[in-house]
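Q: Can you read through this structure? Questions will come right after.
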Amino acid sequence: MNHRDRLFIATPFTDETGQVVPHLEEAVSKAGKRHWLETSKVIPTEVELNKAETLLVVENEFVRRIFKIPEIGQAEFYTASYENKYTQQEMLKEDVKGPEVYLGLYDGDYSSAYKGTTIMREPEYFYIGGEGKGAHDQHTFVYVGHEVKETCEAPFEWEPHPKYGSPCAFEWPPKGVKLTFFFEAPKEIRGPFKGISVKLIYEMYDGIPAMKKRVEIINEGPHTITVGKIAPEVIHAKTELKSQIHVETTYTCGTESTIPINTELPCGDTHEPIGSPFGQLVGMKHSCYELGPAYELEPGDQFISFDTYTLLLSTYWFELKGKEIKGMYERLFPWTTDNPLTFHHTGKLTKEVIDHAAEVGFEMVIQSFGSWDVGYSKEMLARDKEVLNYYKGLIDYAHSKGIDIGFYQAQYTLTQYRDQGPEYGSNDQGTWGTWCMATEAFGDYMDKFKQFIDYTGVDCVEIDGTYPGCACGNGERHRIQNTTYKVHKGYFDSVVKQWENAVKHLTCEMRKRHIYVKVPAWYYLNGGNKGGIGYEEVAWSQPRLEQLVYGRQIIHNSAYGKKLSQSWSHIPFVMYHGGGSEASYTPFVQNIRDYNWVLAQNIGNGITSDYRGQYLFEEDGGISKGIISKWVKFYKRYRGIIDSDLVAIKQADYEGSFDMLYHVNAKNPREKGLLWIYNQTNEVRTEIITVPMYYTGLTNMKYPSVPLKGSLGKNVKSYGTWPPNYDWIPDEEAHYTLPVPTGESVGQAVFQREGSTTELLNIDSNGNVMLKVTMEPMSFVYYMIYAPNEVPKDEEEPIICQVESNLIPSQSSQEEEHFLVENQSFTLNGETDYIDLGYGKLNGSKDYCIHIAIKTTLLDKQVIISQGQEGRGLYTGQGLQGNYEVDDFTLEIEKGIIRFIISDISLKKEVRLESKVPVELGEWVEIKLIYHDGTYILYIGDEKVDELQEEGLEINTRNSLLLGAIKNHAGGSHTHYFKGEIRVIKLENHFE
């Protein structure tokens with residue numbers, strides 16, 4: 001029987017299969033023990049050298065690692081013990097004391113070992129450490145000493161941001177100890193490898209069972225060598241405890257930001273020779289380079305591996321393990337807790353825009369993709385003093401108003417680097433058409449990028465299309481000039497050197513400049529602040545109420561893998577990829593209930609970006625300004641608990657019951673919990689909610705309670721395009737129930753509803769509170785949770801969730817907008833983003849007219865008006881592609897022949913009308929499409945050139961009209977562009 005089919009009673013000491021973890025209850029129940037996530041007691045890390053037994057012990061109250069230290073010149077160095085002191089578990093096999101590092105070295109330069117994608121010869125294999133290694137083992141490096149420091153490394157300076165740092169942020173660098181062990185080549189080693197020295201660098205941190213490890217190799221000999229292969233960390237763990245050792249590294253690239261990169265990097269290179277010792281690592285806890293690193297070291301050069309972090313886990317359930325991992329991020333990578341309130345602005349940056357954001361207390365303005373300033377990111381690479389002075393003036397002004405400024409940059413679309421050949425920067429295997437970032441091109445790019453930042457004083461960079469981790473086979477053709485950046489030699493060293501430039505170096509340079517870094521990738525360990533929460537863009541073209549449910553679903557799922565301060569979501573106030581007025585939040589005053597809800601739902605849960613549009617509030621007598629100001633005030637008042645981690649209770653769904661988002665933090669100075677409850681139904685409801693309390697620190701329990709049954713989130717509605725990847729979340733819960741409460745209370749907590757009504761509630765023996773809640777239809781509410789002696793005494797005015805009823809427009813006043821655009825002219829080129837012409841609903845009309853004029857220089861075939869794969873062009877629709885039941889306009893011009901195509905996706909029908917005679921290119925041509933009484937008529941000028949009778953293809957649902965360049969990602973390239981001028985004479989939804 002599958003363990004998920006067998007019902008069992010889940011106590012804190014059972015795992016997800018229902019098995020009791022041996023000796024766990026006895027270990028954690030000893031006097032004075034607390035889990036490190038909910039105790040403020042921290043005992044400093046200590047190092048002790050036992051000379052009699054030649055052991056070096058490094059430990060804190062939660063973890064102990066013991067190293068066997070040989071005599072100087074001997075090779076028998078290894079980890080003798082690795083213990084989780086909280087659970088009293090020895091993690092290592094007793095009968096295996098293997099090497100700490102595996103190495104594969106070549107006696108020669110890169111070209112002596114590799115050609116194209118072929119490894120021409122096998123490296124020589126070496127080791128650092130291992131039991132039984134004799135003094136004359138020519139393949140094991142010998143120990144020559146060690147060093148202990150009571151301070152940990154800080155590759156850059158950081159402290160909590162004075163405006164948007166978390167009040168609960170941990171100190172940086174973290175307190176702890178640093179151990180460096182020194183090794184050198186044995187005397188018996190072959191001549192080319194003489195003079196090689198190796199450092200093993202370990203850190204252990206106070207108050208957490210975590211360690212870091214790095215390997216550094218220095219070529220101090222006279223010969224060039226190449227580091228062909230290396231496994232920097234190898235842990236000889238017990239089979240049954242491997243799942244309790246979490247391993248991750250800094251070696252991450254632009255992979256999906258919705259997938260936690262929280263696994264070790266196993267050796268998996270298909271190019272590895274048969275019989276390689278690295279094959280022994282399969283199934284072991286270790287970190288390795290999947291490709292290469294194939295790192296050439298001339299005399300005097302140094303190779304520095306990625307950092308490997310290990311965390312000994314003390315819990316056995318998916319959600320609880322995730323909380324421990326997120327706790328490590330808080331302590332070791334605390335810049336991820338900075339969380340600015342961000343206006344993702346789509347217009348031109350002006351002083352008025354800055355004043356607008358400052359007026360309601362926002363903290364940052366980012367010029368969004370498609371905005372006037374960003375274009376395709378060339379402004380941030382400008383060296384023209386006029387451009388630089390222009391932005392410096394605006395940024396200086398913003399700083400005087402307390403506003404930080406950021407810019408979006410589409411890194412992968414920088415065609416000036418991609419399209420100048422392999423000598424300069426092209427990548428023959430580039431994902432998304434990216435250029436190679438270990439070339440001369442990267443040096444040009446990075447120098448310009450830093451100059452713009454240093455000159456203007458910009459505060460944030462938002463880099464899209466980051467280096468995706470792809471190899472490049474153009475290394476032999478890349479030009480190597482004087483540069484401080486890495487240029488790779490060939491295929492096998494291309495990933496590591498692009499990572500060194502585009503991830504490690506770039507983020508470190510930004511952090512040194514105190515730049516806030518947003519990237520849709522897992523750059524957190526290297527210095528990145530924020531990544532995407534994971535969403536399907538077409539979701540934001542659905543009706544607003546559906547967007548709200550979807551938004552809570554992705555918040556719930558994302559919180560398993562990272563803190564919400566690490567994530568941005570997408571909150572487009574204006575229409576985005578279609579959907580019309582039912583999807584848009586503007587005009588705010590007409591949609592004030594939903595505007596209030598979306599702000600509370602996101603700002604109130606620490607999703608502080610990206611609020612996208614040309615304005616945050618409107619001139620409506622202060623109504624929308626009052627709403628957004630209220631939630632900004634709420635966030636700044638309760639920032640500590642809002643930016644704290646989540647515990648799952650129930651994910652939002654479409655089945656008509658409450659759902660919850662629940663923040664906890666035992667170390668927050670005042671509030672220990674924040675519970676949001678949502679009733680997105682049309683009825684008054686009363687429910688009793690089970691609220692887990694362990695991580696508030698308000699219980700006397702020694703060990704975390706298991707997750708609530710029914711709390712596992714997984715299902716997020718998919719719209720058939722590019723949904724978030726949740727493969728890392730279990731498909732289903734175990735089949736369990738909680739014990740019947742004994743009647744004994746393990747603590748008390750005060751629940752305060754919307755800053756006023758309070759209840760003192762007992763915490764039951766399972767660590768839960770039973771909270772009875774009644775809510776009105778379409779409402780939400782929050783509860784702050786306090787220790788009984790820490791409840792605030794009416795210090796501040798309560799913040800009420802709902803909008804006053806007199807501010808909500810009546811249904812009759814919320815009329816649908818109509819398409820009506822007249823006499824507007826636009827000049828576009830092949831790289832121009834779309835222009836929003838209008839949006840609305842066609843009111844079920846069966847008559848409409850589209851009347852435009854075109855003056856264009858066209859390619860052989862040119863799509864100029866279309867939905868398009870990326871939604872660029874004049875189109876109608878609810879989304880990017882598929883699963884929408886609306887008509888799709890496409891206007892094509894091929895060798896002068898004008899062709900109008902109208903598609904009905906739901907009926908799988910298509911209507912085509914076209915001119916029979918080519919028009920003269922480069923001249924103004926008027927085109928008019930009329931649909932009336934079941935007949936389509938196409939006019940070129942005053943001449944009717946085609947008509948067709950066809951019922952059932954009317955356009956009568958919510959729509960959007962956008963104008964601009966068409967992009968097609970087929971083959972990784974952009975193939976269809978419009979260049980020229982378009983004049984919109986009239987777009988309307990009725991026949992005249």
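All residue names refer to the structure tokens as shown: chains lettered A, B, ... in order, residues numbered from 1 in each chain, ligands numbered from 1 in order.
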Please identify which residues in region 485-664 of chain A DSSP calls strand (DSSP E) from the backbone, and express them as number ranges by chain.
A: A: 516-518, 531-532, 567-568, 571-572, 611-613, 659-664
Q: Using DSSP on the backbone coordinates, identify the residues of region 678-818 of chain A assigned to helix (DSSP H, G or I); present them as a list in words.
A: Tyr694, Tyr695, Thr696, Ser805, Asn806, Leu807, Gln811, Ser812 and Ser813 of chain A
Q: Got a sec: who's within 10 Å of Asp493 (chain A), counting only C-alpha atoms, leaving out chain neighbours fewer than 2 positions off, as a list in words?
A: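 The filter keeps Tyr110, Tyr114, Val227, Gly228, Leu291, Gly292, Pro293, Ala294, Tyr295, Glu296, Ala438, Ala471, Cys472, Gly473, Gly475, Val487, His488, Lys489, Gly490, Tyr491, Val495, Val496, Lys497 and Gln498 of chain A.
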Q: Please, what distance in Å, to one decimal, runs between CA of Val144 (chain A) and CA of Lys187 (chain A)?
A: 12.7 Å
Q: Taking 5 positions as the minimum chain separation for residues in the same chain, which residues sit within 8 Å of Asn557 (chain A) when counting only C-alpha atoms? Answer as a list in words.
A: Gly713, Lys714 and Tyr726 of chain A
Q: May I have the residues within 7 Å of Phe126 (chain A) as a PyMOL selection string, using only C-alpha atoms and disregarding those fewer than 3 positions away in the same chain?
A: chain A and resi 102-104+139-140
Q: Got a sec: who's within 8 Å of region 660-675 of chain A, counting only C-alpha atoms, leaving out chain neighbours fewer than 2 positions off, as an MDAnalysis selection string?
A: chainID A and resid 37:40 167:168 552 556 605 638 640:652 658 677:678 695:698 782:787 790
Q: Which residue out of A:Glu16, A:Asp659, A:Asp384, A:Asp731 has the minimum interatomic distance to Lys448 (chain A) when only C-alpha atoms are used?
A: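 Nearest candidate to Lys448 (chain A) out of A:Glu16, A:Asp659, A:Asp384, A:Asp731: A:Asp384.
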Q: From the set A:Asn762, A:Thr315, A:Ser305, A:Ser112, which residue has the shortest atom-to-atom contact distance to Ser745 (chain A), counting only C-alpha atoms?
A: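 Distance minimum relative to Ser745 (chain A) lands on A:Asn762.
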Q: Please produce, as CSV, a per-residue contact table for region 601-701 of chain A versus region 768-774 of chain A (criterion: any atom at most 7 Å away, only C-alpha atoms considered), showing the nearest atom pair and its distance in Å to one decimal, sorted by chain then residue number.
A:
```
residue,atom,partner,partner_atom,distance
A:Arg685,CA,A:Thr774,CA,5.6
A:Thr686,CA,A:Thr774,CA,4.2
A:Glu687,CA,A:Val773,CA,5.5
A:Ile688,CA,A:Lys772,CA,4.3
A:Ile689,CA,A:Leu771,CA,5.1
A:Thr690,CA,A:Met770,CA,4.8
A:Val691,CA,A:Val769,CA,5.1
A:Pro692,CA,A:Asn768,CA,4.4
A:Met693,CA,A:Asn768,CA,5.5
```
Q: Print the selection's residues with all heavy atoms to a file, as a compact mmCIF listing (two decimals), in the first residue's frame.
A:
```txt
# COMPACT_ATOMS: atom_id res chain seq x y z
N ARG A 685 -20.56 34.19 5.50
CA ARG A 685 -20.06 32.88 5.89
C ARG A 685 -19.46 32.94 7.29
O ARG A 685 -18.87 33.95 7.68
CB ARG A 685 -18.99 32.37 4.92
CG ARG A 685 -19.49 32.12 3.51
CD ARG A 685 -18.39 31.51 2.65
NE ARG A 685 -17.99 30.20 3.13
CZ ARG A 685 -18.57 29.06 2.77
NH1 ARG A 685 -19.59 29.08 1.91
NH2 ARG A 685 -18.16 27.90 3.25
N THR A 686 -19.61 31.83 8.02
CA THR A 686 -18.96 31.66 9.31
C THR A 686 -18.18 30.36 9.25
O THR A 686 -18.72 29.31 8.89
CB THR A 686 -19.97 31.61 10.46
OG1 THR A 686 -20.68 32.85 10.51
CG2 THR A 686 -19.27 31.36 11.78
N GLU A 687 -16.91 30.43 9.61
CA GLU A 687 -16.07 29.23 9.62
C GLU A 687 -15.20 29.25 10.87
O GLU A 687 -14.88 30.31 11.41
CB GLU A 687 -15.17 29.15 8.37
CG GLU A 687 -15.93 28.96 7.07
CD GLU A 687 -15.01 28.75 5.88
OE1 GLU A 687 -13.81 28.44 6.09
OE2 GLU A 687 -15.48 28.87 4.73
N ILE A 688 -14.80 28.06 11.31
CA ILE A 688 -13.81 27.93 12.38
C ILE A 688 -12.49 27.57 11.73
O ILE A 688 -12.37 26.54 11.05
CB ILE A 688 -14.23 26.87 13.41
CG1 ILE A 688 -15.53 27.31 14.11
CG2 ILE A 688 -13.12 26.65 14.43
CD1 ILE A 688 -16.07 26.28 15.08
N ILE A 689 -11.50 28.41 11.92
CA ILE A 689 -10.21 28.28 11.24
C ILE A 689 -9.18 27.76 12.23
O ILE A 689 -9.05 28.28 13.35
CB ILE A 689 -9.76 29.63 10.66
CG1 ILE A 689 -10.79 30.13 9.64
CG2 ILE A 689 -8.38 29.53 10.02
CD1 ILE A 689 -10.57 31.55 9.22
N THR A 690 -8.45 26.74 11.81
CA THR A 690 -7.35 26.21 12.62
C THR A 690 -6.09 26.99 12.28
O THR A 690 -5.65 27.01 11.13
CB THR A 690 -7.14 24.72 12.34
OG1 THR A 690 -8.35 24.01 12.59
CG2 THR A 690 -6.03 24.15 13.22
N VAL A 691 -5.50 27.63 13.28
CA VAL A 691 -4.34 28.51 13.07
C VAL A 691 -3.12 27.91 13.77
O VAL A 691 -3.08 27.84 15.01
CB VAL A 691 -4.62 29.92 13.63
CG1 VAL A 691 -3.45 30.85 13.28
CG2 VAL A 691 -5.93 30.48 13.09
N PRO A 692 -2.09 27.45 13.03
CA PRO A 692 -0.88 26.90 13.67
C PRO A 692 -0.09 28.00 14.37
O PRO A 692 0.09 29.09 13.83
CB PRO A 692 -0.09 26.33 12.48
CG PRO A 692 -1.05 26.27 11.34
CD PRO A 692 -2.04 27.37 11.57
N MET A 693 0.44 27.70 15.55
CA MET A 693 1.05 28.74 16.37
C MET A 693 2.52 28.51 16.70
O MET A 693 3.15 29.38 17.30
CB MET A 693 0.26 28.87 17.68
CG MET A 693 -1.20 29.28 17.50
SD MET A 693 -1.38 30.90 16.73
CE MET A 693 -0.72 31.93 18.03
```
Q: Find the spatial neighbours of Lys563 (chain A), counting only C-alpha atoms, within a cut-off of 10 Å - ignore same-chain residues fewer than 2 positions away - and output them as an NGL selection string.
A: :A and (322-323 or 326-327 or 329-330 or 336-337 or 530 or 533 or 555 or 558-561 or 565-567 or 606 or 643-646)
